[in-house]
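Here's the structure we're looking at; comments come further down.
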Amino acid sequence: MSHEDPFLGLDLDGCLINGNICPSAQAIIDQCDSYTEISPSGEGIRIIGTGKIPVGFDNKYDMTGDGFKALEIYDKLRYLTITADVLGEPREIKPIDLNRITLPQSKSADPGKKSKPLGMANHELLLNRIRADKEGMKFTMLYDHGSLVDYGGDQSRADMALVTILAKWTNFDPVLLDQLFRGSALIREKWDKVHHADGSTYGEMTIQRVLENRPIFHKNEIEGFLRFHYDFQFNVVLERVEMRRRGEEQWQIVDDYEFNSIHRHIQNKSGQIGHQALHGILQSDFTPKFDPFMEYFTKLPK
């Protein structure tokens, strides 16, 4: 696996016991819903899909409290041995959004608590810092208890209040904001429902409202702003940066006109960044690599 290819691999180590898959591993397999095979050891499972490990995620998780040894995730700098020993009915290689994968609750966990998104395992330190802050009580009531008492029973107001608090602690990174909110007691199906003609979901629009009401000043805030309003990719065949705006499907080259338009968009939000610095962001690992040939062959029918 390399930076250039689109593949993502999940290793579930020690989840096959006497030929049976432990329930917690099966839950992860079902959520990924992509090509799954038995690993070379015969004691684990490997899931192969497409996608990338999001910012803030670890790639190794101790799962000994959940019935198997470990979960490891890779998207680069790794050799994966293919056994072709398919588990169950063959599945196609599909995109895997790790933000949507939830870890099973351990046997000792409170049965009334919701399963947390995968990335939340890495954010507890940050959450504890917020809980200890001067707004900690307000945050705890919203995040841990989903309380609507201070919002007249209006959950949308509570959602906005929680996102506003989280924004200050995440440098207004919309990806991290979304990850954290999904681990809160306020999360509901509405978060992922489309609420705008451009395809934006309720959750995206809630985050966008907070971001639009906040001037951006720092480099990491600018990167978060770019991630929220645009998609970028570096076409390794044509050796160029390409972009598309939120709600658009067509990719286009970032020529001088588009580059200056992006720069102006940032300035309109009080963002201060020079042309050279913006160029440096877009020409770095901020922009994931994309190989159109690999994409073509991946989508060919079996």
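In the structure tokens, the first chain shown is A, the next is B, and so on; residue numbers restart at 1 for each chain, and ligands run from 1 in the order shown.
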Problem set entry | DSSP strand (DSSP E) selection over region 90-245 of chain A, as a ChimeraX atom specification | /A:230-235,240-245
Problem set entry | Surrounding residues of Thr170 (chain A) excluding itself and chain neighbours under 5 positions, 10 Å, only C-alpha atoms, as a ChimeraX atom specification | /A:126,165,175-177,180,220-221,224
I need the chosen residues saved as a PDB file, in the first residue's frame, with N, CA, C and O atoms.
```
ATOM      1  N   LEU A 126      -8.639  15.327  24.793  1.00  0.00           N
ATOM      2  CA  LEU A 126      -9.187  16.633  24.430  1.00  0.00           C
ATOM      3  C   LEU A 126     -10.531  16.858  25.109  1.00  0.00           C
ATOM      4  O   LEU A 126     -10.791  17.937  25.666  1.00  0.00           O
ATOM      5  N   ILE A 165     -18.892  25.281  20.962  1.00  0.00           N
ATOM      6  CA  ILE A 165     -17.866  24.983  21.971  1.00  0.00           C
ATOM      7  C   ILE A 165     -16.750  24.148  21.361  1.00  0.00           C
ATOM      8  O   ILE A 165     -15.560  24.442  21.527  1.00  0.00           O
ATOM      9  N   VAL A 175     -13.663  18.572   9.863  1.00  0.00           N
ATOM     10  CA  VAL A 175     -13.587  17.110   9.904  1.00  0.00           C
ATOM     11  C   VAL A 175     -13.545  16.627  11.347  1.00  0.00           C
ATOM     12  O   VAL A 175     -14.287  15.724  11.751  1.00  0.00           O
ATOM     13  N   LEU A 176     -12.682  17.251  12.150  1.00  0.00           N
ATOM     14  CA  LEU A 176     -12.579  16.875  13.559  1.00  0.00           C
ATOM     15  C   LEU A 176     -13.853  17.239  14.315  1.00  0.00           C
ATOM     16  O   LEU A 176     -14.302  16.494  15.199  1.00  0.00           O
ATOM     17  N   LEU A 177     -14.453  18.368  13.975  1.00  0.00           N
ATOM     18  CA  LEU A 177     -15.726  18.757  14.587  1.00  0.00           C
ATOM     19  C   LEU A 177     -16.778  17.673  14.385  1.00  0.00           C
ATOM     20  O   LEU A 177     -17.494  17.288  15.316  1.00  0.00           O
ATOM     21  N   LEU A 180     -16.026  14.520  16.500  1.00  0.00           N
ATOM     22  CA  LEU A 180     -16.329  14.695  17.916  1.00  0.00           C
ATOM     23  C   LEU A 180     -17.833  14.729  18.170  1.00  0.00           C
ATOM     24  O   LEU A 180     -18.323  14.129  19.129  1.00  0.00           O
ATOM     25  N   ASN A 220      -3.922  26.503  10.493  1.00  0.00           N
ATOM     26  CA  ASN A 220      -4.742  25.301  10.645  1.00  0.00           C
ATOM     27  C   ASN A 220      -6.226  25.609  10.479  1.00  0.00           C
ATOM     28  O   ASN A 220      -6.998  24.760  10.031  1.00  0.00           O
ATOM     29  N   GLU A 221      -6.651  26.836  10.833  1.00  0.00           N
ATOM     30  CA  GLU A 221      -8.039  27.224  10.593  1.00  0.00           C
ATOM     31  C   GLU A 221      -8.295  27.351   9.093  1.00  0.00           C
ATOM     32  O   GLU A 221      -9.367  26.989   8.603  1.00  0.00           O
ATOM     33  N   GLY A 224      -8.721  23.952   7.655  1.00  0.00           N
ATOM     34  CA  GLY A 224     -10.057  23.461   7.964  1.00  0.00           C
ATOM     35  C   GLY A 224     -11.114  24.113   7.086  1.00  0.00           C
ATOM     36  O   GLY A 224     -12.050  23.459   6.621  1.00  0.00           O
TER      37      GLY A 224
END
```
Seminar exercise, completed: Judged by only C-alpha atoms, the minimum distance to Ile17 (chain A) among A:Lys69, A:Arg246, A:Arg131, A:Arg188 is found for A:Lys69
Exercise. Quick one: residues within 10 Å of Ser284 (chain A), only C-alpha atoms counted, chain neighbours fewer than 5 positions away excluded, as a PyMOL selection string?
Worked result: chain A and resi 234+279+289
Exercise. Quick one: residues within 10 Å of Phe7 (chain A), only C-alpha atoms counted, chain neighbours fewer than 2 positions away excluded, as number ranges by chain?
Worked result: A: 1-5, 9, 48-52, 74-76, 93-96, 298
For this session: Do a neighbour search on Ile28 (chain A) at 9 Å with only C-alpha atoms, toss out local chain neighbours closer than 2 positions, and write the hits as an MDAnalysis selection string.
Result: chainID A and resid 23:26 30:33 101:104
Within 12 Å of Ser200 (chain A) using only C-alpha atoms, minus same-chain residues under 5 positions, as an mmCIF file with all heavy atoms, in the first residue's frame:
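Generated file (part35.cif):
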```
data_model
loop_
_atom_site.group_PDB
_atom_site.id
_atom_site.type_symbol
_atom_site.label_atom_id
_atom_site.label_comp_id
_atom_site.auth_asym_id
_atom_site.auth_seq_id
_atom_site.Cartn_x
_atom_site.Cartn_y
_atom_site.Cartn_z
ATOM 1 N N LYS A 190 -30.878 12.662 12.117
ATOM 2 C CA LYS A 190 -31.023 13.920 11.381
ATOM 3 C C LYS A 190 -29.674 14.488 10.968
ATOM 4 O O LYS A 190 -29.569 15.183 9.946
ATOM 5 C CB LYS A 190 -31.771 14.934 12.248
ATOM 6 C CG LYS A 190 -32.025 16.279 11.569
ATOM 7 C CD LYS A 190 -32.786 17.224 12.496
ATOM 8 C CE LYS A 190 -33.009 18.577 11.823
ATOM 9 N NZ LYS A 190 -33.738 19.521 12.706
ATOM 10 N N TRP A 191 -28.612 14.207 11.731
ATOM 11 C CA TRP A 191 -27.277 14.756 11.452
ATOM 12 C C TRP A 191 -26.830 14.435 10.027
ATOM 13 O O TRP A 191 -26.157 15.241 9.381
ATOM 14 C CB TRP A 191 -26.281 14.197 12.463
ATOM 15 C CG TRP A 191 -24.920 14.821 12.420
ATOM 16 C CD1 TRP A 191 -23.781 14.280 11.886
ATOM 17 C CD2 TRP A 191 -24.544 16.104 12.930
ATOM 18 N NE1 TRP A 191 -22.724 15.139 12.035
ATOM 19 C CE2 TRP A 191 -23.158 16.269 12.682
ATOM 20 C CE3 TRP A 191 -25.236 17.128 13.579
ATOM 21 C CZ2 TRP A 191 -22.464 17.414 13.053
ATOM 22 C CZ3 TRP A 191 -24.537 18.266 13.954
ATOM 23 C CH2 TRP A 191 -23.170 18.402 13.691
ATOM 24 N N ASP A 192 -27.205 13.263 9.525
ATOM 25 C CA ASP A 192 -26.755 12.825 8.202
ATOM 26 C C ASP A 192 -27.828 12.960 7.122
ATOM 27 O O ASP A 192 -27.628 12.514 5.995
ATOM 28 C CB ASP A 192 -26.291 11.363 8.263
ATOM 29 C CG ASP A 192 -24.991 11.212 9.036
ATOM 30 O OD1 ASP A 192 -24.080 12.031 8.819
ATOM 31 O OD2 ASP A 192 -24.887 10.286 9.857
ATOM 32 N N LYS A 193 -28.944 13.575 7.444
ATOM 33 C CA LYS A 193 -30.003 13.741 6.450
ATOM 34 C C LYS A 193 -29.776 15.011 5.630
ATOM 35 O O LYS A 193 -29.398 16.052 6.159
ATOM 36 C CB LYS A 193 -31.372 13.796 7.130
ATOM 37 C CG LYS A 193 -31.826 12.437 7.656
ATOM 38 C CD LYS A 193 -33.261 12.479 8.150
ATOM 39 C CE LYS A 193 -33.728 11.083 8.574
ATOM 40 N NZ LYS A 193 -35.128 11.105 9.056
ATOM 41 N N VAL A 194 -30.014 14.903 4.324
ATOM 42 C CA VAL A 194 -29.836 16.049 3.423
ATOM 43 C C VAL A 194 -30.873 17.115 3.751
ATOM 44 O O VAL A 194 -32.066 16.832 3.849
ATOM 45 C CB VAL A 194 -29.963 15.605 1.953
ATOM 46 C CG1 VAL A 194 -29.908 16.818 1.026
ATOM 47 C CG2 VAL A 194 -28.855 14.613 1.599
ATOM 48 N N HIS A 195 -30.388 18.354 3.911
ATOM 49 C CA HIS A 195 -31.275 19.461 4.275
ATOM 50 C C HIS A 195 -31.115 20.652 3.337
ATOM 51 O O HIS A 195 -31.577 21.747 3.651
ATOM 52 C CB HIS A 195 -30.999 19.908 5.723
ATOM 53 C CG HIS A 195 -31.845 19.189 6.732
ATOM 54 N ND1 HIS A 195 -32.783 19.802 7.518
ATOM 55 C CD2 HIS A 195 -31.899 17.877 7.062
ATOM 56 C CE1 HIS A 195 -33.374 18.922 8.303
ATOM 57 N NE2 HIS A 195 -32.848 17.741 8.051
ATOM 58 N N MET A 205 -24.443 21.560 7.511
ATOM 59 C CA MET A 205 -24.949 22.929 7.556
ATOM 60 C C MET A 205 -24.774 23.539 8.944
ATOM 61 O O MET A 205 -24.484 24.734 9.075
ATOM 62 C CB MET A 205 -26.421 22.945 7.143
ATOM 63 C CG MET A 205 -26.642 22.602 5.674
ATOM 64 S SD MET A 205 -28.397 22.536 5.230
ATOM 65 C CE MET A 205 -28.874 24.244 5.502
ATOM 66 N N THR A 206 -24.936 22.726 9.993
ATOM 67 C CA THR A 206 -24.736 23.226 11.357
ATOM 68 C C THR A 206 -23.292 23.656 11.557
ATOM 69 O O THR A 206 -23.010 24.738 12.090
ATOM 70 C CB THR A 206 -25.112 22.142 12.383
ATOM 71 O OG1 THR A 206 -26.482 21.762 12.195
ATOM 72 C CG2 THR A 206 -24.921 22.648 13.802
ATOM 73 N N ILE A 207 -22.363 22.816 11.111
ATOM 74 C CA ILE A 207 -20.943 23.159 11.222
ATOM 75 C C ILE A 207 -20.623 24.380 10.370
ATOM 76 O O ILE A 207 -19.889 25.281 10.790
ATOM 77 C CB ILE A 207 -20.075 21.957 10.809
ATOM 78 C CG1 ILE A 207 -20.218 20.826 11.834
ATOM 79 C CG2 ILE A 207 -18.608 22.360 10.673
ATOM 80 C CD1 ILE A 207 -19.512 19.542 11.450
ATOM 81 N N GLN A 208 -21.192 24.432 9.179
ATOM 82 C CA GLN A 208 -20.919 25.553 8.283
ATOM 83 C C GLN A 208 -21.374 26.876 8.894
ATOM 84 O O GLN A 208 -20.683 27.897 8.775
ATOM 85 C CB GLN A 208 -21.614 25.334 6.942
ATOM 86 C CG GLN A 208 -21.294 26.426 5.914
ATOM 87 C CD GLN A 208 -21.906 26.131 4.560
ATOM 88 O OE1 GLN A 208 -22.800 25.309 4.437
ATOM 89 N NE2 GLN A 208 -21.421 26.802 3.535
ATOM 90 N N PHE A 228 -13.577 22.206 4.326
ATOM 91 C CA PHE A 228 -15.028 22.271 4.440
ATOM 92 C C PHE A 228 -15.686 22.759 3.156
ATOM 93 O O PHE A 228 -16.757 22.286 2.778
ATOM 94 C CB PHE A 228 -15.428 23.187 5.598
ATOM 95 C CG PHE A 228 -16.888 23.095 5.941
ATOM 96 C CD1 PHE A 228 -17.358 22.051 6.714
ATOM 97 C CD2 PHE A 228 -17.790 24.037 5.476
ATOM 98 C CE1 PHE A 228 -18.708 21.947 7.024
ATOM 99 C CE2 PHE A 228 -19.142 23.943 5.782
ATOM 100 C CZ PHE A 228 -19.599 22.893 6.560
ATOM 101 N N HIS A 229 -15.055 23.696 2.470
ATOM 102 C CA HIS A 229 -15.682 24.312 1.302
ATOM 103 C C HIS A 229 -15.259 23.687 -0.027
ATOM 104 O O HIS A 229 -15.927 23.895 -1.042
ATOM 105 C CB HIS A 229 -15.367 25.811 1.271
ATOM 106 C CG HIS A 229 -16.052 26.585 2.356
ATOM 107 N ND1 HIS A 229 -17.376 26.947 2.289
ATOM 108 C CD2 HIS A 229 -15.597 27.038 3.556
ATOM 109 C CE1 HIS A 229 -17.710 27.614 3.383
ATOM 110 N NE2 HIS A 229 -16.651 27.677 4.165
ATOM 111 N N ARG A 245 -15.971 22.422 -5.776
ATOM 112 C CA ARG A 245 -16.636 23.099 -4.667
ATOM 113 C C ARG A 245 -17.703 22.205 -4.064
ATOM 114 O O ARG A 245 -18.158 21.253 -4.694
ATOM 115 C CB ARG A 245 -17.261 24.412 -5.149
ATOM 116 C CG ARG A 245 -16.230 25.452 -5.565
ATOM 117 C CD ARG A 245 -16.889 26.695 -6.136
ATOM 118 N NE ARG A 245 -15.890 27.704 -6.485
ATOM 119 C CZ ARG A 245 -15.181 27.696 -7.599
ATOM 120 N NH1 ARG A 245 -15.359 26.714 -8.488
ATOM 121 N NH2 ARG A 245 -14.293 28.643 -7.851
ATOM 122 N N ARG A 246 -18.089 22.534 -2.832
ATOM 123 C CA ARG A 246 -19.122 21.767 -2.150
ATOM 124 C C ARG A 246 -20.374 21.685 -3.015
ATOM 125 O O ARG A 246 -20.846 22.684 -3.552
ATOM 126 C CB ARG A 246 -19.461 22.429 -0.810
ATOM 127 C CG ARG A 246 -20.664 21.818 -0.110
ATOM 128 C CD ARG A 246 -20.824 22.382 1.276
ATOM 129 N NE ARG A 246 -19.692 22.007 2.096
ATOM 130 C CZ ARG A 246 -19.570 20.833 2.687
ATOM 131 N NH1 ARG A 246 -20.492 19.911 2.509
ATOM 132 N NH2 ARG A 246 -18.526 20.571 3.434
ATOM 133 N N GLY A 247 -20.901 20.479 -3.153
ATOM 134 C CA GLY A 247 -22.121 20.276 -3.917
ATOM 135 C C GLY A 247 -21.893 20.025 -5.390
ATOM 136 O O GLY A 247 -22.832 19.687 -6.110
ATOM 137 N N GLU A 248 -20.650 20.193 -5.867
ATOM 138 C CA GLU A 248 -20.351 19.959 -7.276
ATOM 139 C C GLU A 248 -19.754 18.571 -7.470
ATOM 140 O O GLU A 248 -19.124 18.021 -6.571
ATOM 141 C CB GLU A 248 -19.375 21.022 -7.803
ATOM 142 C CG GLU A 248 -19.945 22.430 -7.809
ATOM 143 C CD GLU A 248 -18.965 23.443 -8.383
ATOM 144 O OE1 GLU A 248 -17.808 23.058 -8.666
ATOM 145 O OE2 GLU A 248 -19.350 24.613 -8.550
#
```
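Between Leu16 (chain A) and the residues A:Asp150, A:Glu37, A:Asp97, A:Glu258, the shortest atom-to-atom distance, using only C-alpha atoms, involves A:Glu37.
Our summary of the geometry notes that CA of Leu166 (chain A) is positioned 11.8 Å from CA of His123 (chain A).
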For this session: Would you mind telling me which residue in A:Ile73, A:Lys60, A:Asp13, A:Ala27 lies nearest to Ile45 (chain A) when using only C-alpha atoms?
Result: A:Asp13
Problem set entry | Those of region 125-264 of chain A in DSSP helix (DSSP H, G or I), formatted as a PyMOL selection string | chain A and resi 125-131+136-143+149-151+155-169+174-182+189-192+202-212+219-229+256-264
For this session: Could you tell me how far CA of Ala161 (chain A) lies from CA of Leu226 (chain A), in Å and to one decimal?
Result: 23.0 Å
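Between CA of Ile53 (chain A) and CA of His275 (chain A) lies a distance of 28.8 Å.
Of the listed residues (A:Arg227, A:Asp133, A:Pro288, A:Glu204), A:Pro288 comes nearest to Glu242 (chain A); the distances count only C-alpha atoms.
The residue that comes closest to His145 (chain A), out of A:Arg100, A:Pro6, A:Ala185, A:Tyr296 and on the basis of only C-alpha atoms, is A:Ala185.
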